[in-house]
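One file, query_23.txt, is given below (compact mmCIF, C-alpha atoms).
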```
# COMPACT_ATOMS: atom_id res chain seq x y z
CA MET B 1 0.00 0.00 0.00
CA ASN B 2 1.16 3.56 -0.71
CA PRO B 3 2.36 5.12 2.60
CA PHE B 4 -0.11 7.98 2.21
CA GLU B 5 -2.99 5.49 2.25
CA TYR B 6 -2.04 4.48 5.82
CA TYR B 7 -1.93 8.10 6.93
CA LYS B 8 -5.20 8.83 5.16
CA THR B 9 -7.02 6.16 7.13
CA LEU B 10 -5.82 7.90 10.32
CA GLY B 11 -7.07 11.34 9.31
CA ILE B 12 -4.06 12.94 7.61
CA ASP B 13 -4.80 14.67 4.31
CA GLU B 14 -2.46 14.66 1.32
CA GLY B 15 -1.15 18.19 1.84
CA THR B 16 -0.15 17.45 5.43
CA PHE B 17 1.43 14.16 4.39
CA ASP B 18 3.48 15.80 1.64
CA LEU B 19 4.70 18.47 4.07
CA GLY B 20 5.86 15.74 6.42
CA GLU B 21 7.71 13.82 3.72
CA LYS B 22 9.48 16.94 2.48
CA THR B 23 10.47 17.98 6.00
CA GLU B 24 11.80 14.53 6.94
CA LYS B 25 13.90 14.28 3.79
CA ALA B 26 15.56 17.62 4.55
CA LEU B 27 16.52 16.41 8.04
CA ALA B 28 18.33 13.22 7.02
CA GLU B 29 21.82 14.47 7.93
CA ARG B 30 20.75 15.72 11.38
CA PHE B 31 18.94 12.48 12.09
CA ALA B 32 22.08 10.50 11.26
CA LYS B 33 24.01 12.53 13.83
CA ILE B 34 21.37 11.76 16.47
CA ASP B 35 21.64 8.06 15.67
CA ARG B 36 25.42 8.19 16.24
CA THR B 37 24.96 9.75 19.69
CA ALA B 38 22.39 7.07 20.50
CA GLU B 39 24.87 4.41 19.42
CA LEU B 40 27.54 5.73 21.78
CA CYS B 41 25.10 6.04 24.69
CA GLN B 42 23.88 2.51 23.97
CA LEU B 43 27.43 1.20 24.27
CA LYS B 44 27.83 3.08 27.55
CA ALA B 45 24.74 1.35 28.97
CA ILE B 46 25.88 -2.07 27.75
CA ALA B 47 29.34 -1.56 29.25
CA ALA B 48 27.86 -0.67 32.64
CA MET B 49 25.58 -3.72 32.59
CA GLN B 50 28.40 -6.05 31.63
CA LYS B 51 30.80 -4.60 34.21
CA ASN B 52 28.25 -5.16 36.98
CA ARG B 53 27.43 -8.69 35.80
CA VAL B 54 23.72 -8.17 35.23
CA SER B 55 22.08 -11.59 35.24
CA ALA B 56 18.62 -13.11 35.00
CA GLU B 57 18.58 -13.26 38.80
CA CYS B 58 18.58 -9.45 38.83
CA PHE B 59 15.04 -9.47 37.44
CA GLU B 60 13.54 -11.35 40.38
CA ALA B 61 11.09 -9.49 42.63
CA SER B 62 11.67 -8.76 46.28
CA THR B 63 8.92 -7.97 48.80
CA GLY B 64 8.58 -6.68 52.33
CA TYR B 65 11.72 -4.99 53.55
CA GLY B 66 13.61 -5.77 50.36
CA TYR B 67 16.78 -6.80 52.15
CA ASN B 68 19.59 -8.08 49.90
CA ASP B 69 17.75 -7.28 46.68
CA LEU B 70 20.37 -8.23 44.08
CA GLY B 71 18.55 -6.62 41.18
CA ARG B 72 17.99 -3.31 42.95
CA ASP B 73 21.55 -3.03 44.24
CA THR B 74 23.07 -4.04 40.89
CA LEU B 75 20.89 -1.56 39.01
CA GLU B 76 22.13 1.22 41.25
CA ALA B 77 25.71 0.22 40.51
CA VAL B 78 24.85 0.28 36.79
CA TYR B 79 23.42 3.78 37.05
CA ALA B 80 26.49 4.96 38.96
CA ASP B 81 28.69 3.67 36.12
CA VAL B 82 26.50 5.13 33.37
CA PHE B 83 26.62 8.54 35.06
CA HIS B 84 30.25 8.12 36.20
CA THR B 85 29.42 8.77 39.85
CA GLU B 86 30.38 7.18 43.15
CA SER B 87 26.86 6.00 43.94
CA ALA B 88 23.22 6.10 42.85
CA LEU B 89 19.75 5.66 44.27
CA VAL B 90 17.27 4.19 41.75
CA ARG B 91 13.94 3.30 43.29
CA ALA B 92 10.33 2.56 42.50
CA GLN B 93 9.54 4.36 45.77
CA ILE B 94 10.58 7.64 44.14
CA THR B 95 7.28 8.61 42.59
CA CYS B 96 8.33 11.28 40.07
CA GLY B 97 11.03 13.76 39.13
CA THR B 98 9.74 16.38 41.57
CA HIS B 99 9.88 13.80 44.35
CA ALA B 100 13.47 12.89 43.45
CA LEU B 101 14.49 16.56 43.53
CA ALA B 102 12.67 17.12 46.82
CA ILE B 103 14.51 14.16 48.36
CA ALA B 104 17.89 15.36 47.12
CA MET B 105 17.35 18.87 48.46
CA ALA B 106 15.75 17.99 51.79
CA ALA B 107 18.37 15.33 52.48
CA ASN B 108 21.31 17.65 52.04
CA VAL B 109 20.26 20.97 53.54
CA ARG B 110 19.58 21.86 57.16
CA PRO B 111 17.73 24.69 58.96
CA GLY B 112 19.57 27.93 58.37
CA ASP B 113 20.93 26.82 54.99
CA GLU B 114 20.04 28.49 51.72
CA ILE B 115 19.27 27.06 48.27
CA LEU B 116 20.25 29.14 45.26
CA SER B 117 18.99 28.82 41.69
CA PRO B 118 21.40 30.57 39.32
CA VAL B 119 19.10 29.99 36.34
CA GLY B 120 15.97 31.83 37.42
CA LYS B 121 12.66 30.34 38.42
CA PRO B 122 12.45 26.55 38.83
CA TYR B 123 9.72 24.32 37.43
CA ASP B 124 6.24 25.04 38.79
CA THR B 125 5.96 21.89 40.91
CA LEU B 126 9.13 22.81 42.85
CA GLU B 127 7.68 26.11 44.05
CA GLN B 128 5.75 24.43 46.87
CA VAL B 129 8.62 22.06 47.69
CA ILE B 130 10.98 24.98 48.22
CA GLY B 131 8.36 27.26 49.73
CA ILE B 132 8.31 29.94 47.03
CA THR B 133 4.59 29.23 47.12
CA PRO B 134 3.58 28.51 50.76
CA ALA B 135 2.81 24.83 51.31
CA LYS B 136 2.63 22.42 54.21
CA GLY B 137 5.94 20.61 54.70
CA SER B 138 7.92 22.93 52.44
CA LEU B 139 11.60 23.49 53.01
CA ALA B 140 10.78 27.06 54.04
CA GLU B 141 8.85 25.67 57.03
CA TYR B 142 12.11 24.13 58.23
CA GLY B 143 13.97 27.42 58.10
CA ILE B 144 15.63 26.82 54.73
CA THR B 145 15.76 29.95 52.63
CA TYR B 146 15.83 30.35 48.87
CA ARG B 147 16.99 32.91 46.38
CA GLN B 148 17.38 32.98 42.63
CA VAL B 149 19.44 34.88 40.10
CA GLU B 150 17.67 35.66 36.86
CA LEU B 151 19.30 34.98 33.53
CA LEU B 152 20.54 37.94 31.53
CA PRO B 153 18.33 39.23 28.68
CA ASP B 154 20.27 37.05 26.23
CA ASN B 155 19.52 33.99 28.41
CA THR B 156 23.13 33.59 29.58
CA PHE B 157 24.22 33.26 33.19
CA ASP B 158 24.53 36.43 35.25
CA TYR B 159 27.94 35.60 36.71
CA ASP B 160 28.19 38.89 38.62
CA GLY B 161 24.75 38.33 40.12
CA ILE B 162 25.60 34.75 41.04
CA ARG B 163 28.83 35.82 42.74
CA ALA B 164 26.92 38.40 44.76
CA ALA B 165 24.18 35.92 45.73
CA ILE B 166 26.47 33.20 47.10
CA ASN B 167 27.02 33.71 50.82
CA GLU B 168 27.92 31.83 53.99
CA LYS B 169 24.44 30.27 54.13
CA THR B 170 24.48 28.94 50.56
CA ARG B 171 24.50 25.16 50.86
CA LEU B 172 22.96 23.84 47.63
CA ILE B 173 22.84 25.16 44.08
CA GLU B 174 19.81 23.98 42.07
CA ILE B 175 20.48 24.02 38.31
CA GLN B 176 17.53 23.18 36.11
CA ARG B 177 18.82 21.95 32.77
CA SER B 178 15.56 22.03 30.86
CA LYS B 179 13.30 25.02 30.36
CA GLY B 180 10.14 23.93 32.21
CA TYR B 181 7.25 26.22 31.33
CA LEU B 182 9.61 28.97 30.26
CA THR B 183 10.72 29.98 26.80
CA ARG B 184 14.44 30.11 27.58
CA PRO B 185 16.89 27.71 25.94
CA THR B 186 17.85 24.46 27.61
CA PHE B 187 21.44 24.42 28.84
CA SER B 188 24.03 22.16 27.29
CA VAL B 189 26.18 19.93 29.47
CA GLU B 190 29.15 22.10 28.53
CA GLN B 191 27.36 25.25 29.73
CA ILE B 192 26.40 23.54 32.97
CA GLY B 193 30.01 22.51 33.49
CA GLU B 194 31.20 26.10 33.03
CA LEU B 195 28.60 27.31 35.54
CA ILE B 196 29.57 24.68 38.11
CA SER B 197 33.27 25.49 37.70
CA PHE B 198 32.53 29.17 38.32
CA ILE B 199 30.45 28.41 41.42
CA LYS B 200 33.00 26.00 42.87
CA GLY B 201 35.66 28.66 42.38
CA ILE B 202 33.68 30.88 44.74
CA LYS B 203 32.59 28.22 47.27
CA PRO B 204 34.22 24.81 46.73
CA ASP B 205 32.13 22.95 49.32
CA VAL B 206 28.73 24.01 47.98
CA ILE B 207 26.59 21.16 46.58
CA CYS B 208 25.75 21.55 42.87
CA MET B 209 22.60 19.62 41.98
CA VAL B 210 21.35 19.37 38.40
CA ASP B 211 17.74 18.68 37.54
CA ASN B 212 18.49 16.47 34.54
CA CYS B 213 14.88 15.72 33.58
CA TYR B 214 14.42 15.39 29.80
CA GLY B 215 18.17 15.62 29.19
CA GLU B 216 19.53 12.12 29.69
CA PHE B 217 21.27 10.57 26.65
CA VAL B 218 20.66 13.62 24.47
CA GLU B 219 24.40 14.23 24.57
CA GLU B 220 27.29 11.81 24.96
CA ILE B 221 28.02 13.11 28.47
CA GLU B 222 25.89 14.01 31.48
CA PRO B 223 26.13 16.84 34.07
CA SER B 224 27.82 14.39 36.43
CA ASP B 225 30.73 14.29 33.96
CA VAL B 226 31.32 18.03 34.35
CA GLY B 227 31.25 18.48 38.12
CA ALA B 228 27.66 18.04 39.30
CA ASP B 229 27.60 16.59 42.81
CA LEU B 230 24.05 15.30 42.32
CA THR B 231 22.27 14.51 39.04
CA VAL B 232 18.55 13.87 39.39
CA GLY B 233 15.79 12.63 37.11
CA SER B 234 12.63 10.60 36.55
CA LEU B 235 12.37 7.09 35.15
CA ILE B 236 9.13 7.85 33.31
CA LYS B 237 11.16 10.30 31.27
CA ASN B 238 14.33 9.54 29.29
CA PRO B 239 16.21 6.89 31.32
CA GLY B 240 13.20 4.62 31.76
CA GLY B 241 13.02 4.08 28.00
CA GLY B 242 9.23 3.95 28.04
CA LEU B 243 9.23 0.68 30.01
CA ALA B 244 9.70 1.90 33.59
CA PRO B 245 6.20 2.25 35.10
CA ILE B 246 7.36 4.52 37.93
CA GLY B 247 10.54 5.62 39.65
CA GLY B 248 13.33 8.14 39.85
CA TYR B 249 17.08 8.27 40.22
CA ILE B 250 19.68 10.34 42.05
CA ALA B 251 23.34 9.82 41.10
CA GLY B 252 26.31 11.48 42.71
CA LYS B 253 28.79 11.52 45.56
CA LYS B 254 28.37 8.63 47.98
CA GLU B 255 27.95 10.71 51.13
CA LEU B 256 25.21 12.76 49.46
CA ILE B 257 23.46 9.67 48.06
CA ASP B 258 23.54 8.07 51.51
CA GLN B 259 21.80 11.15 52.88
CA CYS B 260 19.18 10.82 50.13
CA ALA B 261 18.59 7.18 51.03
CA TYR B 262 18.05 8.09 54.69
CA ARG B 263 15.57 10.72 53.61
CA LEU B 264 13.73 8.37 51.23
CA THR B 265 13.32 5.63 53.84
CA CYS B 266 14.47 6.53 57.36
CA PRO B 267 17.64 7.11 59.38
CA GLY B 268 19.47 3.89 60.15
CA LEU B 269 17.93 1.96 57.25
CA GLY B 270 18.64 4.05 54.15
CA ALA B 271 19.30 2.09 50.97
CA GLU B 272 19.13 -1.30 52.71
CA VAL B 273 15.33 -1.39 52.44
CA GLY B 274 12.92 -0.84 49.57
CA ALA B 275 11.46 -3.85 47.79
CA SER B 276 11.60 -3.89 43.99
CA LEU B 277 8.13 -5.52 43.72
CA GLY B 278 8.77 -6.95 40.28
CA VAL B 279 9.73 -3.80 38.37
CA SER B 280 13.46 -4.54 38.09
CA ARG B 281 13.24 -6.10 34.63
CA SER B 282 11.44 -3.02 33.30
CA PHE B 283 14.04 -0.74 34.86
CA TYR B 284 16.94 -2.62 33.29
CA GLN B 285 15.34 -3.04 29.90
CA GLY B 286 14.14 0.55 29.90
CA LEU B 287 17.66 1.81 30.56
CA PHE B 288 18.94 -0.45 27.78
CA LEU B 289 16.42 0.98 25.29
CA ALA B 290 16.64 4.58 26.52
CA PRO B 291 19.27 5.85 24.04
CA THR B 292 17.16 4.69 21.07
CA VAL B 293 13.94 6.06 22.56
CA VAL B 294 15.59 9.41 23.28
CA ALA B 295 16.85 9.53 19.69
CA SER B 296 13.28 9.04 18.43
CA ALA B 297 12.03 11.81 20.72
CA LEU B 298 14.78 14.15 19.54
CA LYS B 299 13.88 13.55 15.91
CA GLY B 300 10.26 14.33 16.74
CA ALA B 301 11.22 17.61 18.44
CA ILE B 302 13.37 18.72 15.49
CA PHE B 303 10.65 17.69 13.06
CA ALA B 304 8.10 19.75 15.00
CA ALA B 305 10.26 22.88 14.88
CA ASN B 306 10.78 22.44 11.15
CA ILE B 307 7.03 22.10 10.60
CA TYR B 308 5.92 25.05 12.74
CA GLU B 309 8.71 27.62 12.46
CA PRO B 310 8.18 28.22 8.71
CA LEU B 311 4.58 29.12 9.59
CA GLY B 312 5.83 32.02 11.71
CA PHE B 313 5.55 30.42 15.15
CA SER B 314 8.47 31.01 17.50
CA CYS B 315 10.18 27.72 18.37
CA ILE B 316 12.67 27.10 21.18
CA PRO B 317 15.01 25.53 20.19
CA ASN B 318 14.56 26.86 16.68
CA ALA B 319 14.57 24.68 13.58
CA THR B 320 18.35 24.60 13.23
CA GLU B 321 19.76 24.78 16.78
CA GLU B 322 21.54 21.96 18.60
CA ARG B 323 19.41 20.05 21.11
CA HIS B 324 20.11 19.54 24.82
CA ASP B 325 16.80 18.00 25.88
CA ILE B 326 13.81 16.38 24.21
CA ILE B 327 11.38 19.28 24.73
CA GLN B 328 10.16 21.47 21.91
CA ALA B 329 8.49 24.74 22.91
CA ILE B 330 6.24 26.32 20.29
CA THR B 331 4.66 29.70 20.97
CA LEU B 332 1.27 29.48 19.31
CA GLY B 333 -0.07 32.82 20.51
CA THR B 334 -3.66 31.90 21.42
CA PRO B 335 -5.31 29.46 23.82
CA GLU B 336 -7.33 28.01 20.94
CA ARG B 337 -4.17 26.96 19.10
CA VAL B 338 -2.65 25.42 22.23
CA ILE B 339 -5.81 23.40 22.79
CA ALA B 340 -6.06 22.31 19.13
CA PHE B 341 -2.39 21.27 19.09
CA CYS B 342 -2.82 19.15 22.21
CA ARG B 343 -5.97 17.57 20.84
CA GLY B 344 -4.02 16.59 17.75
CA ILE B 345 -1.36 14.87 19.85
CA GLN B 346 -4.07 13.06 21.80
CA ALA B 347 -5.77 11.97 18.57
CA GLY B 348 -2.45 10.56 17.37
CA SER B 349 -1.96 8.40 20.46
CA PRO B 350 -2.30 4.61 20.67
CA VAL B 351 -4.08 4.90 24.04
CA ASP B 352 -7.16 7.08 24.71
CA SER B 353 -7.03 8.55 21.21
CA TYR B 354 -10.78 9.20 21.43
CA VAL B 355 -10.43 11.40 24.53
CA THR B 356 -10.65 15.20 24.18
CA PRO B 357 -8.19 16.95 26.52
CA GLU B 358 -9.38 20.09 28.31
CA PRO B 359 -7.48 22.65 30.41
CA TRP B 360 -7.84 22.12 34.17
CA ALA B 361 -6.44 23.26 37.51
CA MET B 362 -3.74 20.59 37.81
CA PRO B 363 -2.17 20.25 41.30
CA GLY B 364 1.17 21.99 41.64
CA TYR B 365 0.62 24.50 38.81
CA HIS B 366 -0.38 28.16 39.15
CA SER B 367 -2.65 28.29 36.08
CA ASP B 368 -4.92 25.93 34.19
CA VAL B 369 -2.90 23.41 32.21
CA ILE B 370 -3.87 21.25 29.23
CA MET B 371 -2.13 17.92 28.86
CA ALA B 372 -2.30 15.48 25.98
CA ALA B 373 -0.83 12.07 26.73
CA GLY B 374 -2.31 8.87 25.42
CA THR B 375 0.43 6.94 27.16
CA PHE B 376 0.92 3.39 28.36
CA PHE B 377 2.05 4.75 31.74
CA GLN B 378 0.29 7.73 33.29
CA GLY B 379 2.32 10.91 32.93
CA ALA B 380 5.18 9.20 31.07
CA SER B 381 6.46 12.19 29.13
CA VAL B 382 9.09 10.20 27.27
CA GLU B 383 6.04 8.88 25.44
CA LEU B 384 4.40 11.18 22.90
CA SER B 385 2.87 14.03 24.87
CA ALA B 386 2.20 17.75 24.82
CA ASP B 387 1.14 20.21 27.47
CA GLY B 388 1.09 23.87 28.30
CA PRO B 389 -0.31 26.45 30.68
CA ILE B 390 -3.26 28.44 29.41
CA GLU B 391 -1.58 31.79 29.88
CA PRO B 392 0.44 34.19 27.71
CA PRO B 393 2.46 33.72 25.57
CA TYR B 394 0.37 30.56 24.97
CA ALA B 395 3.22 28.18 24.33
CA VAL B 396 2.87 24.42 24.00
CA TYR B 397 5.58 22.01 25.10
CA PHE B 398 5.92 18.87 23.00
CA GLN B 399 8.10 15.94 23.96
CA GLY B 400 8.60 12.24 23.63
CA GLY B 401 7.84 9.52 21.17
CA LEU B 402 8.90 5.94 21.82
CA THR B 403 9.45 5.57 18.08
CA TRP B 404 10.25 8.12 15.41
CA ALA B 405 7.31 6.94 13.30
CA HIS B 406 4.89 7.72 16.12
CA ALA B 407 6.47 11.11 16.88
CA LYS B 408 6.17 12.04 13.21
CA PHE B 409 2.54 10.98 13.03
CA GLY B 410 1.65 12.85 16.22
CA ILE B 411 3.14 16.11 14.97
CA LEU B 412 1.37 15.75 11.62
CA MET B 413 -1.88 15.14 13.50
CA SER B 414 -1.38 18.32 15.55
CA TYR B 415 -0.85 20.25 12.31
CA GLN B 416 -3.94 18.60 10.80
CA LYS B 417 -6.14 19.65 13.75
CA LEU B 418 -4.93 23.25 13.55
CA LYS B 419 -5.56 23.23 9.82
CA GLU B 420 -9.09 21.83 10.17
CA ALA B 421 -9.91 24.43 12.82
CA GLY B 422 -8.71 27.25 10.57
CA LEU B 423 -6.04 28.23 13.10
CA LEU B 424 -2.97 28.14 10.85
CA PRO B 425 -1.57 31.49 9.63
```
Rewrite the structure from the file as structure tokens, please.
Amino acid sequence: MNPFEYYKTLGIDEGTFDLGEKTEKALAERFAKIDRTAELCQLKAIAAMQKNRVSAECFEASTGYGYNDLGRDTLEAVYADVFHTESALVRAQITCGTHALAIAMAANVRPGDEILSPVGKPYDTLEQVIGITPAKGSLAEYGITYRQVELLPDNTFDYDGIRAAINEKTRLIEIQRSKGYLTRPTFSVEQIGELISFIKGIKPDVICMVDNCYGEFVEEIEPSDVGADLTVGSLIKNPGGGLAPIGGYIAGKKELIDQCAYRLTCPGLGAEVGASLGVSRSFYQGLFLAPTVVASALKGAIFAANIYEPLGFSCIPNATEERHDIIQAITLGTPERVIAFCRGIQAGSPVDSYVTPEPWAMPGYHSDVIMAAGTFFQGASVELSADGPIEPPYAVYFQGGLTWAHAKFGILMSYQKLKEAGLLP
């Protein structure tokens, strides 16, 4: 059958199909470069698994206390080797990326300490964790203060401002790699390394923690390779490879990871407890597949920018820039376009394709948010998904795609829905 006939049965018209074919052909060279990075990251994962003698026994479930869980302990050694760190905590008990970040911060600061963000405002869901927005149990309630240094107008680091902000109370630096619901660029690993080097030159004993969500395996190296003391992320994003049903990771210096383990469970027990409950196989296999899945998501993000930027929509990153995470921000300018875009992504999903997403007051966000995610695991944003706050400048954030073919189809479906609604320029 002609390829267009398949797309036609799924609601894509010939004009949209032809636009997709033309765009994909023009991106062949960039896609080949992405595949090479995925190849190198794949070899890194294989090397770590072989070094730590991953065996079929590692996939067995533990229950109860989870003492002597071979699979759990070996997986953490694998993660430490992949991220080139002394230790790692990789657990199903870590419910999401925000939870992992909250653990890492709360475990390693004490009353009277201060957390500093040198990259401006953190992701919305961290506002209540830190206490920027008052919340029960926030770090602010424990006497931990917070300050941030805004980026310069050109979105570079304000080194003078950072130097002035670091003081005797500064204990932990929180560096968010990805943009969140902002329209700033994502930082490269090289940029993060330069920032950490600058900060350590001012206060060598300060803890530099990088929120690595959406960035794993996009580049050949990770923030932990350039001086990050803690690198933190979610398993239902990049490193879970679409197979991890839950979980998060924290990789870094052993003494800091030990503190995280005591915070996750309780003092005196730490990493010794925490049953794997049968998810170990998914965690291992997800990590194994992650470089290929991330490559597919990257291709989808680049494809999206090359579809929407020629129409006059601002894209961050733009159609030609290098990528440092899997997120594509597209400023659509109106709430109607944001909603139509997300409905197109939902319509292109294998799960719940018949559902119509609507904006709603999602917990942890300060405005109504629309989310499109017909995913196999709830909230798994390494799968094809799109979301955005219904507020100016009305930007949508697209990410994921377990396969390139699905990412391509989803973007074409978003375009098709905008076209049918008469919302294209």
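In this structure, CA of Glu220 (chain B) sits 20.4 Å away from CA of Ile236 (chain B).
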Around all of region 120-130 of chain B's listed atoms, make the axis-aligned box with 8 Å on each side and tell me centre and edge lengths in Å to one decimal, as lines of an AutoDock Vina configuration file.
```
center_x = 10.9
center_y = 26.9
center_z = 42.8
size_x = 26.2
size_y = 25.9
size_z = 26.8
```
Between CA of Glu383 (chain B) and CA of Ser296 (chain B) lies a distance of 10.1 Å
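When CA of Ile345 (chain B) is paired with CA of Thr37 (chain B), their separation reads 26.8 Å.
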Selected residue of minimal separation from Ile207 (chain B) among B:Leu277, B:Gly193, B:Met105, B:Pro185, counting only C-alpha atoms: B:Met105
Taking 4 positions as the minimum chain separation for residues in the same chain, which residues sit within 10 Å of region 56-69 of chain B when counting only C-alpha atoms? Answer as a compact mmCIF listing (two decimals) with C-alpha atoms, in the coordinates of the input.
```
# COMPACT_ATOMS: atom_id res chain seq x y z
CA ASP B 73 21.55 -3.03 44.24
CA THR B 74 23.07 -4.04 40.89
CA LEU B 75 20.89 -1.56 39.01
CA ALA B 271 19.30 2.09 50.97
CA GLU B 272 19.13 -1.30 52.71
CA VAL B 273 15.33 -1.39 52.44
CA GLY B 274 12.92 -0.84 49.57
CA ALA B 275 11.46 -3.85 47.79
CA SER B 276 11.60 -3.89 43.99
CA LEU B 277 8.13 -5.52 43.72
CA GLY B 278 8.77 -6.95 40.28
CA VAL B 279 9.73 -3.80 38.37
CA SER B 280 13.46 -4.54 38.09
CA ARG B 281 13.24 -6.10 34.63
CA SER B 282 11.44 -3.02 33.30
CA PHE B 283 14.04 -0.74 34.86
CA TYR B 284 16.94 -2.62 33.29
CA GLN B 285 15.34 -3.04 29.90
```
Polymer residues at most 6 Å from region 135-145 of chain B, all atoms listed in the file, same-chain spacing of 3 or more positions, as a PDB file with C-alpha atoms, in the frame of the given file:
```pdb
ATOM      1  CA  PRO B 111      17.730  24.690  58.960  1.00  0.00           C
ATOM      2  CA  GLY B 112      19.570  27.930  58.370  1.00  0.00           C
ATOM      3  CA  ASP B 113      20.930  26.820  54.990  1.00  0.00           C
ATOM      4  CA  GLU B 114      20.040  28.490  51.720  1.00  0.00           C
ATOM      5  CA  GLN B 128       5.750  24.430  46.870  1.00  0.00           C
ATOM      6  CA  VAL B 129       8.620  22.060  47.690  1.00  0.00           C
ATOM      7  CA  ILE B 130      10.980  24.980  48.220  1.00  0.00           C
ATOM      8  CA  GLY B 131       8.360  27.260  49.730  1.00  0.00           C
TER       9      GLY B 131
END
```
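Compared by their closest atoms to Val149 (chain B), and using all atoms listed in the file, the residues B:Glu14, B:Glu174, B:Glu168, B:Glu86 rank with B:Glu174 nearest.
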Leaving out region 318-335 of chain B and any residue of its chain fewer than 2 positions from it, which residues lie within 7 Å of it when counting all atoms listed in the file, given as a PyMOL selection string? chain B and resi 178+183+186-188+214-215+218-219+297-298+301-302+305-306+309+313-316+337-339+390+393-400
Taking 5 positions as the minimum chain separation for residues in the same chain, which residues sit within 12 Å of Glu420 (chain B) when counting all atoms listed in the file? Answer as number ranges by chain. B: 11-13, 16, 337, 340-341, 343-344, 413-415
Shell around Tyr79 (chain B) at 12 Å using only C-alpha atoms, local window under 4 positions removed, as a CSV table (one decimal) with C-alpha atoms, keeping the file's coordinate frame:
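Result written to result-v1.csv:
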```csv
chain,number,residue,atom,x,y,z
B,44,LYS,CA,27.8,3.1,27.6
B,45,ALA,CA,24.7,1.4,29.0
B,46,ILE,CA,25.9,-2.1,27.8
B,47,ALA,CA,29.3,-1.6,29.2
B,48,ALA,CA,27.9,-0.7,32.6
B,49,MET,CA,25.6,-3.7,32.6
B,51,LYS,CA,30.8,-4.6,34.2
B,52,ASN,CA,28.2,-5.2,37.0
B,72,ARG,CA,18.0,-3.3,43.0
B,73,ASP,CA,21.6,-3.0,44.2
B,74,THR,CA,23.1,-4.0,40.9
B,75,LEU,CA,20.9,-1.6,39.0
B,83,PHE,CA,26.6,8.5,35.1
B,84,HIS,CA,30.2,8.1,36.2
B,85,THR,CA,29.4,8.8,39.8
B,86,GLU,CA,30.4,7.2,43.2
B,87,SER,CA,26.9,6.0,43.9
B,88,ALA,CA,23.2,6.1,42.8
B,89,LEU,CA,19.8,5.7,44.3
B,90,VAL,CA,17.3,4.2,41.8
B,91,ARG,CA,13.9,3.3,43.3
B,216,GLU,CA,19.5,12.1,29.7
B,222,GLU,CA,25.9,14.0,31.5
B,224,SER,CA,27.8,14.4,36.4
B,231,THR,CA,22.3,14.5,39.0
B,232,VAL,CA,18.6,13.9,39.4
B,233,GLY,CA,15.8,12.6,37.1
B,235,LEU,CA,12.4,7.1,35.2
B,239,PRO,CA,16.2,6.9,31.3
B,240,GLY,CA,13.2,4.6,31.8
B,248,GLY,CA,13.3,8.1,39.8
B,249,TYR,CA,17.1,8.3,40.2
B,250,ILE,CA,19.7,10.3,42.0
B,251,ALA,CA,23.3,9.8,41.1
B,252,GLY,CA,26.3,11.5,42.7
B,283,PHE,CA,14.0,-0.7,34.9
B,284,TYR,CA,16.9,-2.6,33.3
B,287,LEU,CA,17.7,1.8,30.6
B,288,PHE,CA,18.9,-0.4,27.8
```
In terms of only C-alpha atoms, the residue from B:Gly15, B:Gly410, B:Pro389, B:Gly97 at minimal distance from Ser367 (chain B) is B:Pro389
